[in-house]
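J.: A single structure is presented below for examination.
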Amino acid sequence: MSSRREILNLLRENARYTTEDLAHMTGFTESEVETIVDEFEEAGVICGYQAVVDWSAVDTDEERVRATVELNVALDRETNYSDIADRIGKFPEVTSLRLVSGDYDFDLEVEGDSMREVSHFISDKIAPIPEITQTVTHYIMESYKEQGMKFDDHDDDDRLSVSP
């Protein structure tokens with residue numbers, strides 16, 4: 001018999017697996033799989049299901065601009081990391097927010113319709129938060145892998161290398 005964790009691993013691999021697929025791959029019955037997934041959802045272990053999108057492969061004139069932002073903070077007696085995270089996490093532009101170890105405190109990912117929009121969001125909404133002492137923005141130029149999914153190379157240049 002497989003572990004309940006294996007169901008989580010399989011759903012992370014492909015959230016479109018059916019109950020029947022999961023039962024076949026794990027040895028649980030379909031009814032057991034349904035119960036386990038329901039329990040994970042009710043307990044907040046499974047928080048949602050999302051598609052991993054390679055935006056560079058989308059045929060559209062619209063382009064989303066994404067950036068990773070390093071945030072340094074200075075805490076006071078009344079404010080802790082969770083307080084700051086709650087405040088920042090409410091913005092719809094924020095797609096990911098993590099407390100990290102190292103040279104900065106928070107790793108923030110944001111999305112916008114343009115570099116200007118992302119820049120204004122950081123300067124007008126994030127930087128003015130009193131506990132934020134520094135922001136460093138890195139615009140994402142190309143994504144090769146997201147959430148464990150490797151994207152195909154969309155480079156159509158099939159020329160052979162020429163060496164002297």
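We name chains A, B, ... following the order of the structure tokens; residues begin at 1 in each chain, and ligands are numbered from 1 as shown.
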Need to verify the contact set: Thr29 of chain A, 12 Å, only C-alpha atoms, exclusion of same-chain residues closer than 5 positions in sequence. Can you return it as a count of residues only?
T.: 11
J.: Excluding Val45 of chain A and residues on its chain fewer than 2 positions from it, collect all residues at most 12 Å away from it, counting only C-alpha atoms, and give them as a ChimeraX atom specification.
T.: /A:4-5,7-8,11,36-43,47-49
J.: Set the distance at 6 Å and use only C-alpha atoms: which residues neighbour segment 64-72 of chain A once local chain neighbours fewer than 4 positions away are removed? I'd like the list as a PyMOL selection string.
T.: chain A and resi 104-114+132-140
J.: Take the selection from the previous step and output its residues with N, CA, C and O atoms, as an mmCIF file, in the first residue's frame.
T.:
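Okay, this is what ended up in result.cif:
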```cif
data_model
loop_
_atom_site.group_PDB
_atom_site.id
_atom_site.type_symbol
_atom_site.label_atom_id
_atom_site.label_comp_id
_atom_site.auth_asym_id
_atom_site.auth_seq_id
_atom_site.Cartn_x
_atom_site.Cartn_y
_atom_site.Cartn_z
ATOM 1 N N TYR A 104 18.955 38.830 2.415
ATOM 2 C CA TYR A 104 17.713 39.596 2.493
ATOM 3 C C TYR A 104 16.660 38.746 3.190
ATOM 4 O O TYR A 104 16.876 37.561 3.459
ATOM 5 N N ASP A 105 15.529 39.363 3.512
ATOM 6 C CA ASP A 105 14.533 38.703 4.361
ATOM 7 C C ASP A 105 13.409 38.027 3.594
ATOM 8 O O ASP A 105 13.025 36.902 3.897
ATOM 9 N N PHE A 106 12.845 38.731 2.613
ATOM 10 C CA PHE A 106 11.728 38.187 1.841
ATOM 11 C C PHE A 106 12.102 38.081 0.368
ATOM 12 O O PHE A 106 12.790 38.955 -0.175
ATOM 13 N N ASP A 107 11.615 37.019 -0.257
ATOM 14 C CA ASP A 107 11.714 36.844 -1.704
ATOM 15 C C ASP A 107 10.296 37.024 -2.234
ATOM 16 O O ASP A 107 9.400 36.250 -1.894
ATOM 17 N N LEU A 108 10.105 38.038 -3.039
ATOM 18 C CA LEU A 108 8.789 38.428 -3.532
ATOM 19 C C LEU A 108 8.757 38.267 -5.044
ATOM 20 O O LEU A 108 9.703 38.658 -5.722
ATOM 21 N N GLU A 109 7.708 37.651 -5.570
ATOM 22 C CA GLU A 109 7.525 37.586 -7.020
ATOM 23 C C GLU A 109 6.275 38.370 -7.366
ATOM 24 O O GLU A 109 5.235 38.221 -6.721
ATOM 25 N N VAL A 110 6.398 39.214 -8.398
ATOM 26 C CA VAL A 110 5.274 40.052 -8.819
ATOM 27 C C VAL A 110 5.084 39.942 -10.332
ATOM 28 O O VAL A 110 6.009 39.602 -11.054
ATOM 29 N N GLU A 111 3.868 40.257 -10.771
ATOM 30 C CA GLU A 111 3.534 40.277 -12.196
ATOM 31 C C GLU A 111 2.823 41.565 -12.520
ATOM 32 O O GLU A 111 2.071 42.098 -11.700
ATOM 33 N N GLY A 112 3.044 42.041 -13.745
ATOM 34 C CA GLY A 112 2.347 43.220 -14.229
ATOM 35 C C GLY A 112 2.303 43.208 -15.745
ATOM 36 O O GLY A 112 2.883 42.334 -16.393
ATOM 37 N N ASP A 113 1.619 44.187 -16.315
ATOM 38 C CA ASP A 113 1.492 44.266 -17.772
ATOM 39 C C ASP A 113 2.696 44.907 -18.443
ATOM 40 O O ASP A 113 2.852 44.805 -19.650
ATOM 41 N N SER A 114 3.540 45.588 -17.659
ATOM 42 C CA SER A 114 4.715 46.238 -18.230
ATOM 43 C C SER A 114 5.760 46.418 -17.138
ATOM 44 O O SER A 114 5.463 46.314 -15.946
ATOM 45 N N ILE A 132 9.977 48.108 5.496
ATOM 46 C CA ILE A 132 10.823 47.777 4.358
ATOM 47 C C ILE A 132 11.983 48.767 4.310
ATOM 48 O O ILE A 132 11.788 49.969 4.221
ATOM 49 N N THR A 133 13.210 48.237 4.374
ATOM 50 C CA THR A 133 14.389 49.108 4.359
ATOM 51 C C THR A 133 15.092 49.123 3.013
ATOM 52 O O THR A 133 15.833 50.053 2.724
ATOM 53 N N GLN A 134 14.872 48.080 2.187
ATOM 54 C CA GLN A 134 15.542 48.032 0.886
ATOM 55 C C GLN A 134 14.795 47.070 -0.034
ATOM 56 O O GLN A 134 14.288 46.040 0.398
ATOM 57 N N THR A 135 14.735 47.440 -1.313
ATOM 58 C CA THR A 135 14.204 46.541 -2.341
ATOM 59 C C THR A 135 15.226 46.432 -3.461
ATOM 60 O O THR A 135 15.884 47.422 -3.803
ATOM 61 N N VAL A 136 15.368 45.236 -4.017
ATOM 62 C CA VAL A 136 16.212 45.013 -5.189
ATOM 63 C C VAL A 136 15.368 44.196 -6.162
ATOM 64 O O VAL A 136 14.960 43.077 -5.848
ATOM 65 N N THR A 137 15.104 44.767 -7.325
ATOM 66 C CA THR A 137 14.212 44.136 -8.299
ATOM 67 C C THR A 137 15.021 43.494 -9.424
ATOM 68 O O THR A 137 15.901 44.122 -9.996
ATOM 69 N N HIS A 138 14.669 42.240 -9.739
ATOM 70 C CA HIS A 138 15.292 41.496 -10.834
ATOM 71 C C HIS A 138 14.174 41.100 -11.795
ATOM 72 O O HIS A 138 13.304 40.294 -11.431
ATOM 73 N N TYR A 139 14.183 41.655 -12.994
ATOM 74 C CA TYR A 139 13.163 41.301 -13.988
ATOM 75 C C TYR A 139 13.513 39.942 -14.601
ATOM 76 O O TYR A 139 14.662 39.679 -14.937
ATOM 77 N N ILE A 140 12.512 39.094 -14.736
ATOM 78 C CA ILE A 140 12.705 37.762 -15.302
ATOM 79 C C ILE A 140 12.670 37.883 -16.814
ATOM 80 O O ILE A 140 11.665 38.293 -17.389
#
```
J.: Please, which residues of chain A, numbered as in this document, come out strand (DSSP E or B) from DSSP, as a VMD selection string?
T.: chain A and resid 65 to 73 94 to 99 106 to 112 132 to 139 145 to 146 149 to 150
J.: Output N, CA and C atoms for every residue in the selection just made, as a CSV table (one decimal), in the first residue's frame.
T.:
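Listed below is the output, again-v5.csv:
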```csv
chain,number,residue,atom,x,y,z
A,65,VAL,N,4.9,40.8,-17.5
A,65,VAL,CA,6.2,41.1,-17.0
A,65,VAL,C,6.3,40.5,-15.6
A,66,ARG,N,7.3,39.7,-15.3
A,66,ARG,CA,7.5,39.2,-14.0
A,66,ARG,C,8.8,39.6,-13.4
A,67,ALA,N,8.8,39.7,-12.1
A,67,ALA,CA,10.1,40.1,-11.4
A,67,ALA,C,10.2,39.5,-10.1
A,68,THR,N,11.4,39.2,-9.7
A,68,THR,CA,11.7,38.8,-8.3
A,68,THR,C,12.3,40.0,-7.6
A,69,VAL,N,11.8,40.2,-6.4
A,69,VAL,CA,12.2,41.3,-5.6
A,69,VAL,C,12.7,40.9,-4.3
A,70,GLU,N,14.0,41.3,-4.0
A,70,GLU,CA,14.6,41.0,-2.6
A,70,GLU,C,14.1,42.2,-1.7
A,71,LEU,N,13.6,41.8,-0.6
A,71,LEU,CA,13.2,42.8,0.4
A,71,LEU,C,13.9,42.6,1.7
A,72,ASN,N,14.5,43.7,2.2
A,72,ASN,CA,15.0,43.7,3.6
A,72,ASN,C,14.1,44.5,4.5
A,73,VAL,N,13.9,44.0,5.7
A,73,VAL,CA,13.0,44.6,6.6
A,73,VAL,C,13.7,44.9,8.0
A,94,VAL,N,1.2,40.4,-6.4
A,94,VAL,CA,2.1,39.5,-5.7
A,94,VAL,C,1.7,38.0,-6.0
A,95,THR,N,2.6,37.3,-6.7
A,95,THR,CA,2.3,35.9,-7.0
A,95,THR,C,2.9,34.9,-6.1
A,96,SER,N,4.0,35.4,-5.4
A,96,SER,CA,4.7,34.5,-4.4
A,96,SER,C,5.4,35.4,-3.4
A,97,LEU,N,5.5,34.9,-2.2
A,97,LEU,CA,6.1,35.6,-1.1
A,97,LEU,C,6.7,34.6,-0.1
A,98,ARG,N,8.0,34.7,0.1
A,98,ARG,CA,8.7,33.7,1.0
A,98,ARG,C,9.6,34.4,1.9
A,99,LEU,N,9.7,34.0,3.2
A,99,LEU,CA,10.7,34.4,4.1
A,99,LEU,C,11.9,33.5,3.9
A,106,PHE,N,12.8,38.7,2.6
A,106,PHE,CA,11.7,38.2,1.8
A,106,PHE,C,12.1,38.1,0.4
A,107,ASP,N,11.6,37.0,-0.3
A,107,ASP,CA,11.7,36.8,-1.7
A,107,ASP,C,10.3,37.0,-2.2
A,108,LEU,N,10.1,38.0,-3.0
A,108,LEU,CA,8.8,38.4,-3.5
A,108,LEU,C,8.8,38.3,-5.0
A,109,GLU,N,7.7,37.7,-5.6
A,109,GLU,CA,7.5,37.6,-7.0
A,109,GLU,C,6.3,38.4,-7.4
A,110,VAL,N,6.4,39.2,-8.4
A,110,VAL,CA,5.3,40.1,-8.8
A,110,VAL,C,5.1,39.9,-10.3
A,111,GLU,N,3.9,40.3,-10.8
A,111,GLU,CA,3.5,40.3,-12.2
A,111,GLU,C,2.8,41.6,-12.5
A,112,GLY,N,3.0,42.0,-13.7
A,112,GLY,CA,2.3,43.2,-14.2
A,112,GLY,C,2.3,43.2,-15.7
A,132,ILE,N,10.0,48.1,5.5
A,132,ILE,CA,10.8,47.8,4.4
A,132,ILE,C,12.0,48.8,4.3
A,133,THR,N,13.2,48.2,4.4
A,133,THR,CA,14.4,49.1,4.4
A,133,THR,C,15.1,49.1,3.0
A,134,GLN,N,14.9,48.1,2.2
A,134,GLN,CA,15.5,48.0,0.9
A,134,GLN,C,14.8,47.1,0.0
A,135,THR,N,14.7,47.4,-1.3
A,135,THR,CA,14.2,46.5,-2.3
A,135,THR,C,15.2,46.4,-3.5
A,136,VAL,N,15.4,45.2,-4.0
A,136,VAL,CA,16.2,45.0,-5.2
A,136,VAL,C,15.4,44.2,-6.2
A,137,THR,N,15.1,44.8,-7.3
A,137,THR,CA,14.2,44.1,-8.3
A,137,THR,C,15.0,43.5,-9.4
A,138,HIS,N,14.7,42.2,-9.7
A,138,HIS,CA,15.3,41.5,-10.8
A,138,HIS,C,14.2,41.1,-11.8
A,139,TYR,N,14.2,41.7,-13.0
A,139,TYR,CA,13.2,41.3,-14.0
A,139,TYR,C,13.5,39.9,-14.6
A,145,LYS,N,12.3,26.7,-16.5
A,145,LYS,CA,11.6,25.7,-15.6
A,145,LYS,C,10.8,26.4,-14.6
A,146,GLU,N,9.6,26.0,-14.4
A,146,GLU,CA,8.7,26.5,-13.4
A,146,GLU,C,8.0,25.4,-12.6
A,149,MET,N,8.4,21.9,-13.8
A,149,MET,CA,8.2,21.6,-15.2
A,149,MET,C,9.2,22.4,-16.1
A,150,LYS,N,9.9,21.6,-16.9
A,150,LYS,CA,10.9,22.2,-17.8
A,150,LYS,C,10.2,22.6,-19.1
```
J.: Between atom CA of Asn80 of chain A and atom CA of Glu93 of chain A, what is the spacing in Å?
T.: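 The value is 22.3 Å.
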J.: Hey, can you check how far atom CA of His120 of chain A sits from atom CA of Thr79 of chain A?
T.: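 A separation of 25.3 Å between them.
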J.: If we count only C-alpha atoms, what is near Ile129 of chain A at a cut-off of 9 Å, once residues fewer than 2 positions away on the same chain are taken out, given as a PDB file with all heavy atoms, in the first residue's frame?
T.:
```
ATOM      1  N   ILE A  84       4.154  41.567   8.296  1.00  0.00           N
ATOM      2  CA  ILE A  84       4.600  42.151   7.032  1.00  0.00           C
ATOM      3  C   ILE A  84       4.122  41.289   5.869  1.00  0.00           C
ATOM      4  O   ILE A  84       3.625  41.800   4.857  1.00  0.00           O
ATOM      5  CB  ILE A  84       6.134  42.312   7.016  1.00  0.00           C
ATOM      6  CG1 ILE A  84       6.552  43.299   8.121  1.00  0.00           C
ATOM      7  CG2 ILE A  84       6.622  42.793   5.659  1.00  0.00           C
ATOM      8  CD1 ILE A  84       8.039  43.320   8.390  1.00  0.00           C
ATOM      9  N   ARG A  87       0.475  41.836   5.077  1.00  0.00           N
ATOM     10  CA  ARG A  87       0.253  43.110   4.395  1.00  0.00           C
ATOM     11  C   ARG A  87       0.638  43.020   2.913  1.00  0.00           C
ATOM     12  O   ARG A  87      -0.110  43.431   2.035  1.00  0.00           O
ATOM     13  CB  ARG A  87       1.062  44.209   5.086  1.00  0.00           C
ATOM     14  CG  ARG A  87       0.643  45.588   4.713  1.00  0.00           C
ATOM     15  CD  ARG A  87       1.321  46.677   5.527  1.00  0.00           C
ATOM     16  NE  ARG A  87       1.585  46.283   6.892  1.00  0.00           N
ATOM     17  CZ  ARG A  87       2.569  46.781   7.648  1.00  0.00           C
ATOM     18  NH1 ARG A  87       3.352  47.717   7.163  1.00  0.00           N
ATOM     19  NH2 ARG A  87       2.757  46.374   8.875  1.00  0.00           N
ATOM     20  N   ILE A  88       1.803  42.441   2.635  1.00  0.00           N
ATOM     21  CA  ILE A  88       2.292  42.348   1.259  1.00  0.00           C
ATOM     22  C   ILE A  88       1.477  41.342   0.450  1.00  0.00           C
ATOM     23  O   ILE A  88       1.182  41.562  -0.723  1.00  0.00           O
ATOM     24  CB  ILE A  88       3.792  41.975   1.241  1.00  0.00           C
ATOM     25  CG1 ILE A  88       4.617  43.114   1.851  1.00  0.00           C
ATOM     26  CG2 ILE A  88       4.267  41.663  -0.170  1.00  0.00           C
ATOM     27  CD1 ILE A  88       6.076  42.757   2.097  1.00  0.00           C
ATOM     28  N   LYS A 125       3.850  50.951  -3.704  1.00  0.00           N
ATOM     29  CA  LYS A 125       3.097  50.113  -2.752  1.00  0.00           C
ATOM     30  C   LYS A 125       3.990  49.338  -1.785  1.00  0.00           C
ATOM     31  O   LYS A 125       3.633  49.172  -0.631  1.00  0.00           O
ATOM     32  CB  LYS A 125       2.217  49.096  -3.507  1.00  0.00           C
ATOM     33  CG  LYS A 125       1.230  49.714  -4.467  1.00  0.00           C
ATOM     34  CD  LYS A 125       0.168  50.479  -3.745  1.00  0.00           C
ATOM     35  CE  LYS A 125      -0.862  50.979  -4.760  1.00  0.00           C
ATOM     36  NZ  LYS A 125      -1.841  51.857  -4.177  1.00  0.00           N
ATOM     37  N   ILE A 126       5.114  48.837  -2.249  1.00  0.00           N
ATOM     38  CA  ILE A 126       5.965  47.994  -1.402  1.00  0.00           C
ATOM     39  C   ILE A 126       7.008  48.821  -0.642  1.00  0.00           C
ATOM     40  O   ILE A 126       7.099  48.742   0.583  1.00  0.00           O
ATOM     41  CB  ILE A 126       6.655  46.890  -2.240  1.00  0.00           C
ATOM     42  CG1 ILE A 126       5.616  45.980  -2.892  1.00  0.00           C
ATOM     43  CG2 ILE A 126       7.635  46.088  -1.382  1.00  0.00           C
ATOM     44  CD1 ILE A 126       4.724  45.221  -1.942  1.00  0.00           C
ATOM     45  N   ALA A 127       7.785  49.615  -1.360  1.00  0.00           N
ATOM     46  CA  ALA A 127       8.857  50.386  -0.715  1.00  0.00           C
ATOM     47  C   ALA A 127       8.371  51.312   0.403  1.00  0.00           C
ATOM     48  O   ALA A 127       9.073  51.467   1.404  1.00  0.00           O
ATOM     49  CB  ALA A 127       9.644  51.169  -1.766  1.00  0.00           C
ATOM     50  N   GLU A 131       8.367  49.150   7.477  1.00  0.00           N
ATOM     51  CA  GLU A 131       9.385  48.173   7.873  1.00  0.00           C
ATOM     52  C   GLU A 131      10.326  47.776   6.739  1.00  0.00           C
ATOM     53  O   GLU A 131      11.369  47.173   6.979  1.00  0.00           O
ATOM     54  CB  GLU A 131       8.714  46.900   8.418  1.00  0.00           C
ATOM     55  CG  GLU A 131       7.947  47.104   9.703  1.00  0.00           C
ATOM     56  CD  GLU A 131       6.539  47.667   9.492  1.00  0.00           C
ATOM     57  OE1 GLU A 131       6.071  47.724   8.335  1.00  0.00           O
ATOM     58  OE2 GLU A 131       5.908  48.049  10.493  1.00  0.00           O
ATOM     59  N   ILE A 132       9.977  48.108   5.496  1.00  0.00           N
ATOM     60  CA  ILE A 132      10.823  47.777   4.358  1.00  0.00           C
ATOM     61  C   ILE A 132      11.983  48.767   4.310  1.00  0.00           C
ATOM     62  O   ILE A 132      11.788  49.969   4.221  1.00  0.00           O
ATOM     63  CB  ILE A 132      10.037  47.831   3.026  1.00  0.00           C
ATOM     64  CG1 ILE A 132       8.834  46.898   3.046  1.00  0.00           C
ATOM     65  CG2 ILE A 132      10.959  47.538   1.835  1.00  0.00           C
ATOM     66  CD1 ILE A 132       9.147  45.434   3.049  1.00  0.00           C
ATOM     67  N   THR A 133      13.210  48.237   4.374  1.00  0.00           N
ATOM     68  CA  THR A 133      14.389  49.108   4.359  1.00  0.00           C
ATOM     69  C   THR A 133      15.092  49.123   3.013  1.00  0.00           C
ATOM     70  O   THR A 133      15.833  50.053   2.724  1.00  0.00           O
ATOM     71  CB  THR A 133      15.400  48.678   5.444  1.00  0.00           C
ATOM     72  OG1 THR A 133      15.806  47.326   5.189  1.00  0.00           O
ATOM     73  CG2 THR A 133      14.794  48.800   6.836  1.00  0.00           C
TER      74      THR A 133
END
```
J.: How many Å separate atom CA of Ile46 of chain A from atom CA of Leu10 of chain A?
T.: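 These two atoms are separated by 12.4 Å.
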J.: Based on the backbone DSSP call, show me all residues of segment 39-138 of chain A assigned helix (DSSP H, G or I), as an NGL selection string.
T.: :A and (39-42 or 55-57 or 81-89 or 115-126)
